[in-house]
Amino acid sequence: MRTEDPGWTASADVVVVGSGIAGLTTALEARKAGRVLLVTKTQLSDSATAWAQGGIAAALDPEDSPEQHLRDTLVAGVGLCDEDAVRTLVTEGPRRVRELVELGAQFERTPNGDIALTREGGHHRDRIAHSGGDQTGKEISRALLEALAAVREDPQIEVVEHALVTDILTDAAGRACGVVLHVIGAGRQSGVGAALGRAVVLATGGLGQVYASTTNPPVSTGDGVAAALRAGAQIADLEFVQFHPTVLWLGRSAKGQQPLISEAVRGEGAVLRDVEGRRFMNGRHELAELAPRDVVAKGVMTAMGETGAEHVWLDARHLGGTFLEERFPTIVARCRSYGIDPATDLVPVAPAQHYASGGVRTDRRGRTSVPGLYACGEVSCTGVHGANRLASNSLLEGLVWGHRIAEDLASSLGDAHPGDPVERTGPVGLLAADARPFVQSAMTAGAGVLRSESTLTTLAARLASLTGDPASERMTPDSWETTNLHTVAVTLGRHAAMREETRGGHWREDFPDRDDPRWRGHLVSVVDPDGVLTTTYEPMKE
């Protein structure tokens with residue numbers, strides 16, 4: 001994107017972008033490979049990880065096994081998971097969770113001292129470790145940040161906060177060699193600069209702010225996916241967007257980050273009812289309210305359509321106030337702040353964007369199609385999630401792939417000798433910051449929970465009406481973010497229009513059935529050196 005010329009330069013062996021579970025894990029472990037520069041968009045503690053309510057999934061119970069966890073993950077992914085990647089996740093996951101405990105993360109315990117496990121949608125076993133009732137992500141983030149604080153004096157690691165990465169730098173051979181970033185505020189570095197490294201790791205999180213309503217924090221503007229596209233990396237499965245079925249409904253005018261009602265509430269026995277009081281998930285799936293999220297979200301949308309309502313009810317009243325306050329203190333407090341008491345009231349809920357199952361395509365070591373560029377966490381597409389993420393697999397994925405990337409760097413970084421950065425294409429034109437609501441409303445209407453040829457055609461036309469100016473002087477973080485959101489929206493919309501079937505997080509009203517003969521495969525997008533976006537279909541290998 002168009003920026004000012006870098007006014008300063010920093011260098012390290014590895015540049016890690018993002019401070020959630022994926023970025024922090026990678027940064028802490030990658031110190032073994034060389035000097036690390038950790039870049040985060042706002043403050044270290046401001047990431048999607050800290051908002052994670054449910055927990056982290058792993059086969060920790062003696063009666064559970066990685067094989068059972070694998071089966072549940074494959075079912076949720078609706079035929080598009082990379083089975084070897086899933087096997088990596090579920091096999092390495094238990095060890096990584098125990099290492100988190102050794103690092104200081106405190107999970108709920110049973111009376112005999114074992115990690116207490118609960119269940120969420122799509123799981124046939126209790127395998128969700130949680131902390132503080134509904135504050136698992138916050139506790140994991142705390143433990144990792146404390147580990148980082150303990151080594152802040154280590155010359156092997158440096159942190160740059162309030163830094164928005166605008167682009168990935170590549171050399172003449174196409175190898176990643178750093179990032180362009182804009183640092184806000186006073187400090188040793190400010191304004192636009194270049195952070196150079198022998199490898200770059202994207203751990204920038206999700207893209208939820210491309211929709212009008214999302215559970216994602218404000219920082220989730222798809223920066224990693226957009227920057228990776230501009231650098232020539234492959235983007236896969238972007239059409240598979242997970243809409244969480246139980247987000248607190250605050251009225252049709254509510255926008256931005258919305259309060260999530262964790263799936264764990266249904267895991268403890270809460271049920272869904274339509275506005276006329278009828279349970280509607282019985283008979284739709286063997287697990288009823290604990291079916292995979294795409295199934296429950298479709299059930300909620302169907303119930304809303306049948307009754308003409310804008311929400312359904314989550315009924316947790318029978319669980320009792322004492323239990324709810326102890327198990328879900330944050331959720332109960334948030335609901336009560338809006339005048340709703342889950343102990344005595346039905347809670348109005350509706351689907352909202354929650355998670356991107358697709359992203360920057362990687363292999364099982366976290367390597368992208370651009371040499372020297374890695375990705376992990378929600379920004380990535382490792383093949384684990386397929387068409388729909390299994391509940392609480394996301395924290396585990398960031399943890400496992402953060403370690404795997406660090407291990408790959410330890411073995412390969414010594415052979416990495418990138419050249420000087422070169423400009424890959426002419427500068428991408430910037431959109432005005434005030435175009436963001438237009439992009440969000442277009443995406444919500446065109447590529448939301450329900451999609452069709454008509455809505456997606458309209459979406460493409462609306463997005464095409466926005467053109468950036470390569471000579472624009474409006475080089476601000478808001479305009480960079482808006483331009484990134486537009487880039488993500490165009491790519492996601494193209495994927496959704498091409499995939500003429502319904503599968504997982506992609507629901508086409510005009511193609512309501514899963515179509516394995518035609519669509520058991522992946523849509524992959526890439527921007528060529530001339531700046532042209534192309535999308536191809538790759539069938540699954542049998």
# chains A, B, ... in the order shown; residues from 1 in each chain; ligands from 1
$ residues_around --residues "Arg508 in chain A" --least-positions-apart "4" --cutoff "7 Å" --atoms "only C-alpha atoms" --output "list in words"
Leu450, Arg451, Ser452, Glu501, Thr502 and Pro512 of chain A
$ residues_around --residues "Leu314 in chain A" --least-positions-apart "2" --cutoff "9 Å" --atoms "only C-alpha atoms" --output "list of chain:residue names"
A:Thr246, A:Arg266, A:Ala270, A:Val271, A:Leu272, A:Arg273, A:Asp274, A:Val312, A:Ala316, A:Pro342, A:Leu346, A:Val347, A:Pro348, A:Val349
$ residues_around --residues "Phe280 in chain A" --least-positions-apart "5" --cutoff "12 Å" --atoms "only C-alpha atoms" --output "MDAnalysis selection string"
chainID A and resid 271:275 285 288:289 295:304 306:307 312:314
$ write_last_selection --atoms "C-alpha atoms" --output "compact mmCIF listing (two decimals), in the first residue's frame"
# COMPACT_ATOMS: atom_id res chain seq x y z
CA VAL A 271 -30.91 -24.89 25.41
CA LEU A 272 -32.13 -22.85 22.46
CA ARG A 273 -35.76 -21.87 21.97
CA ASP A 274 -37.51 -19.91 19.25
CA VAL A 275 -39.45 -16.78 20.20
CA HIS A 285 -28.68 -33.18 14.77
CA ALA A 288 -28.89 -30.98 19.34
CA GLU A 289 -27.59 -27.68 20.81
CA VAL A 295 -25.31 -26.63 12.05
CA VAL A 296 -26.50 -24.64 15.08
CA ALA A 297 -26.14 -21.31 13.25
CA LYS A 298 -28.27 -22.64 10.39
CA GLY A 299 -30.79 -23.94 12.91
CA VAL A 300 -30.99 -20.51 14.53
CA MET A 301 -31.41 -18.75 11.17
CA THR A 302 -34.11 -21.22 10.14
CA ALA A 303 -35.99 -20.73 13.41
CA MET A 304 -35.78 -16.95 12.98
CA GLU A 306 -40.00 -19.48 10.48
CA THR A 307 -41.12 -17.10 13.22
CA VAL A 312 -33.96 -16.69 19.32
CA TRP A 313 -33.70 -17.36 23.06
CA LEU A 314 -30.93 -19.05 25.00
$ closest_atom_pairs --of "range 228-340 of chain A" --to "range 380-399 of chain A" --cutoff "9 Å" --atoms "only C-alpha atoms" --output "JSON lines"
{"residue": "A:Ile235", "atom": "CA", "partner": "A:Cys381", "partner_atom": "CA", "distance": 7.8}
{"residue": "A:Ala236", "atom": "CA", "partner": "A:Cys381", "partner_atom": "CA", "distance": 6.5}
{"residue": "A:Asp237", "atom": "CA", "partner": "A:Cys381", "partner_atom": "CA", "distance": 7.5}
{"residue": "A:Leu238", "atom": "CA", "partner": "A:Cys381", "partner_atom": "CA", "distance": 8.8}
{"residue": "A:Glu239", "atom": "CA", "partner": "A:Ala387", "partner_atom": "CA", "distance": 8.6}
{"residue": "A:Phe240", "atom": "CA", "partner": "A:Ala387", "partner_atom": "CA", "distance": 5.5}
{"residue": "A:Val241", "atom": "CA", "partner": "A:Asn388", "partner_atom": "CA", "distance": 7.7}
{"residue": "A:Gln242", "atom": "CA", "partner": "A:Asn388", "partner_atom": "CA", "distance": 6.5}
{"residue": "A:Glu263", "atom": "CA", "partner": "A:Ala391", "partner_atom": "CA", "distance": 7.9}
{"residue": "A:Pro292", "atom": "CA", "partner": "A:Leu390", "partner_atom": "CA", "distance": 6.7}
{"residue": "A:Arg293", "atom": "CA", "partner": "A:Ala391", "partner_atom": "CA", "distance": 7.6}
{"residue": "A:Asp294", "atom": "CA", "partner": "A:Asn388", "partner_atom": "CA", "distance": 6.9}
$ atom_distance --atom1 "CA of Val332 in chain A" --atom2 "CA of Asn112 in chain A"
27.9 Å
$ closest_atom_pairs --of "range 500-521 of chain A" --to "range 532-540 of chain A" --cutoff "9 Å" --atoms "only C-alpha atoms" --output "JSON lines"
{"residue": "A:Arg518", "atom": "CA", "partner": "A:Pro539", "partner_atom": "CA", "distance": 8.4}
{"residue": "A:Trp519", "atom": "CA", "partner": "A:Pro539", "partner_atom": "CA", "distance": 7.3}
{"residue": "A:Arg520", "atom": "CA", "partner": "A:Met540", "partner_atom": "CA", "distance": 6.1}
{"residue": "A:Gly521", "atom": "CA", "partner": "A:Pro539", "partner_atom": "CA", "distance": 4.0}
$ write_last_selection --atoms "N, CA, C and O atoms" --output "mmCIF file, in the first residue's frame"
data_model
loop_
_atom_site.group_PDB
_atom_site.id
_atom_site.type_symbol
_atom_site.label_atom_id
_atom_site.label_comp_id
_atom_site.auth_asym_id
_atom_site.auth_seq_id
_atom_site.Cartn_x
_atom_site.Cartn_y
_atom_site.Cartn_z
ATOM 1 N N ARG A 518 -18.133 -32.204 -7.232
ATOM 2 C CA ARG A 518 -17.677 -30.950 -7.848
ATOM 3 C C ARG A 518 -16.857 -30.076 -6.914
ATOM 4 O O ARG A 518 -15.987 -29.329 -7.358
ATOM 5 N N TRP A 519 -17.094 -30.166 -5.614
ATOM 6 C CA TRP A 519 -16.559 -29.147 -4.725
ATOM 7 C C TRP A 519 -15.823 -29.680 -3.510
ATOM 8 O O TRP A 519 -15.613 -28.945 -2.549
ATOM 9 N N ARG A 520 -15.393 -30.941 -3.530
ATOM 10 C CA ARG A 520 -14.552 -31.408 -2.423
ATOM 11 C C ARG A 520 -13.108 -31.023 -2.742
ATOM 12 O O ARG A 520 -12.310 -31.816 -3.243
ATOM 13 N N GLY A 521 -12.819 -29.783 -2.471
ATOM 14 C CA GLY A 521 -11.506 -29.228 -2.767
ATOM 15 C C GLY A 521 -11.415 -27.813 -2.240
ATOM 16 O O GLY A 521 -12.302 -27.338 -1.532
#
$ closest_atom_pairs --of "range 221-305 of chain A" --to "range 435-446 of chain A" --cutoff "12 Å" --atoms "only C-alpha atoms" --output "Markdown table"
| residue | atom | partner | partner_atom | distance |
| --- | --- | --- | --- | --- |
| A:Thr221 | CA | A:Arg436 | CA | 10.4 |
| A:Glu239 | CA | A:Met443 | CA | 11.8 |
| A:Val241 | CA | A:Thr444 | CA | 11.7 |
| A:Phe243 | CA | A:Thr444 | CA | 11.3 |
| A:Ser253 | CA | A:Ser441 | CA | 11.8 |
| A:Lys255 | CA | A:Gln440 | CA | 9.7 |
| A:Gly256 | CA | A:Gln440 | CA | 9.6 |
$ residues_around --residues "Pro421 in chain A" --least-positions-apart "3" --cutoff "6 Å" --atoms "only C-alpha atoms" --output "count of residues only"
3
$ residues_around --residues "Asp420 in chain A" --least-positions-apart "4" --cutoff "12 Å" --atoms "only C-alpha atoms" --output "number ranges by chain"
A: 169-178, 194, 196-198
$ closest_residue --among "A:Ala375, A:Gly269, A:Thr136, A:Gly283" --to "Pro329 in chain A" --atoms "only C-alpha atoms"
A:Thr136
$ select_by_dssp --residues "range 377-426 of chain A" --states "alpha helix (DSSP H)" --output "MDAnalysis selection string"
chainID A and resid 393:412
$ write_last_selection --atoms "N, CA and C atoms" --output "compact mmCIF listing (two decimals), in the first residue's frame"
# COMPACT_ATOMS: atom_id res chain seq x y z
N ASN A 393 -10.66 -25.49 19.13
CA ASN A 393 -9.44 -25.93 18.44
C ASN A 393 -8.53 -24.77 18.05
N SER A 394 -9.04 -23.54 18.10
CA SER A 394 -8.25 -22.41 17.60
C SER A 394 -7.08 -22.08 18.50
N LEU A 395 -7.30 -22.01 19.82
CA LEU A 395 -6.17 -21.74 20.72
C LEU A 395 -5.12 -22.83 20.60
N LEU A 396 -5.59 -24.07 20.47
CA LEU A 396 -4.65 -25.19 20.35
C LEU A 396 -3.84 -25.08 19.07
N GLU A 397 -4.48 -24.68 17.97
CA GLU A 397 -3.77 -24.55 16.70
C GLU A 397 -2.66 -23.50 16.81
N GLY A 398 -2.96 -22.34 17.41
CA GLY A 398 -1.95 -21.31 17.56
C GLY A 398 -0.78 -21.79 18.41
N LEU A 399 -1.09 -22.56 19.44
CA LEU A 399 -0.05 -23.07 20.34
C LEU A 399 0.84 -24.09 19.62
N VAL A 400 0.21 -25.05 18.96
CA VAL A 400 0.97 -26.11 18.29
C VAL A 400 1.79 -25.56 17.13
N TRP A 401 1.18 -24.72 16.29
CA TRP A 401 1.92 -24.22 15.11
C TRP A 401 2.95 -23.16 15.51
N GLY A 402 2.74 -22.45 16.61
CA GLY A 402 3.78 -21.54 17.09
C GLY A 402 5.05 -22.30 17.41
N HIS A 403 4.90 -23.44 18.07
CA HIS A 403 6.05 -24.30 18.37
C HIS A 403 6.67 -24.86 17.10
N ARG A 404 5.83 -25.30 16.17
CA ARG A 404 6.35 -25.92 14.95
C ARG A 404 7.12 -24.92 14.09
N ILE A 405 6.64 -23.69 14.04
CA ILE A 405 7.37 -22.66 13.28
C ILE A 405 8.72 -22.40 13.93
N ALA A 406 8.73 -22.28 15.26
CA ALA A 406 9.99 -22.02 15.96
C ALA A 406 10.98 -23.16 15.72
N GLU A 407 10.49 -24.39 15.71
CA GLU A 407 11.36 -25.54 15.45
C GLU A 407 11.92 -25.49 14.03
N ASP A 408 11.08 -25.10 13.07
CA ASP A 408 11.56 -25.01 11.69
C ASP A 408 12.59 -23.90 11.55
N LEU A 409 12.35 -22.78 12.23
CA LEU A 409 13.32 -21.68 12.18
C LEU A 409 14.66 -22.10 12.77
N ALA A 410 14.63 -22.86 13.86
CA ALA A 410 15.87 -23.30 14.50
C ALA A 410 16.72 -24.15 13.57
N SER A 411 16.05 -24.89 12.69
CA SER A 411 16.79 -25.79 11.80
C SER A 411 17.12 -25.17 10.44
N SER A 412 16.42 -24.09 10.08
CA SER A 412 16.59 -23.58 8.72
C SER A 412 17.07 -22.14 8.63
$ residues_around --residues "range 209-220 of chain A" --least-positions-apart "2" --cutoff "10 Å" --atoms "only C-alpha atoms" --output "ChimeraX atom specification"
/A:41-42,46-52,164,204-207,222-224,243-244,247-248,252-261,351-355,379,436-445,447-448,481-482,484-489
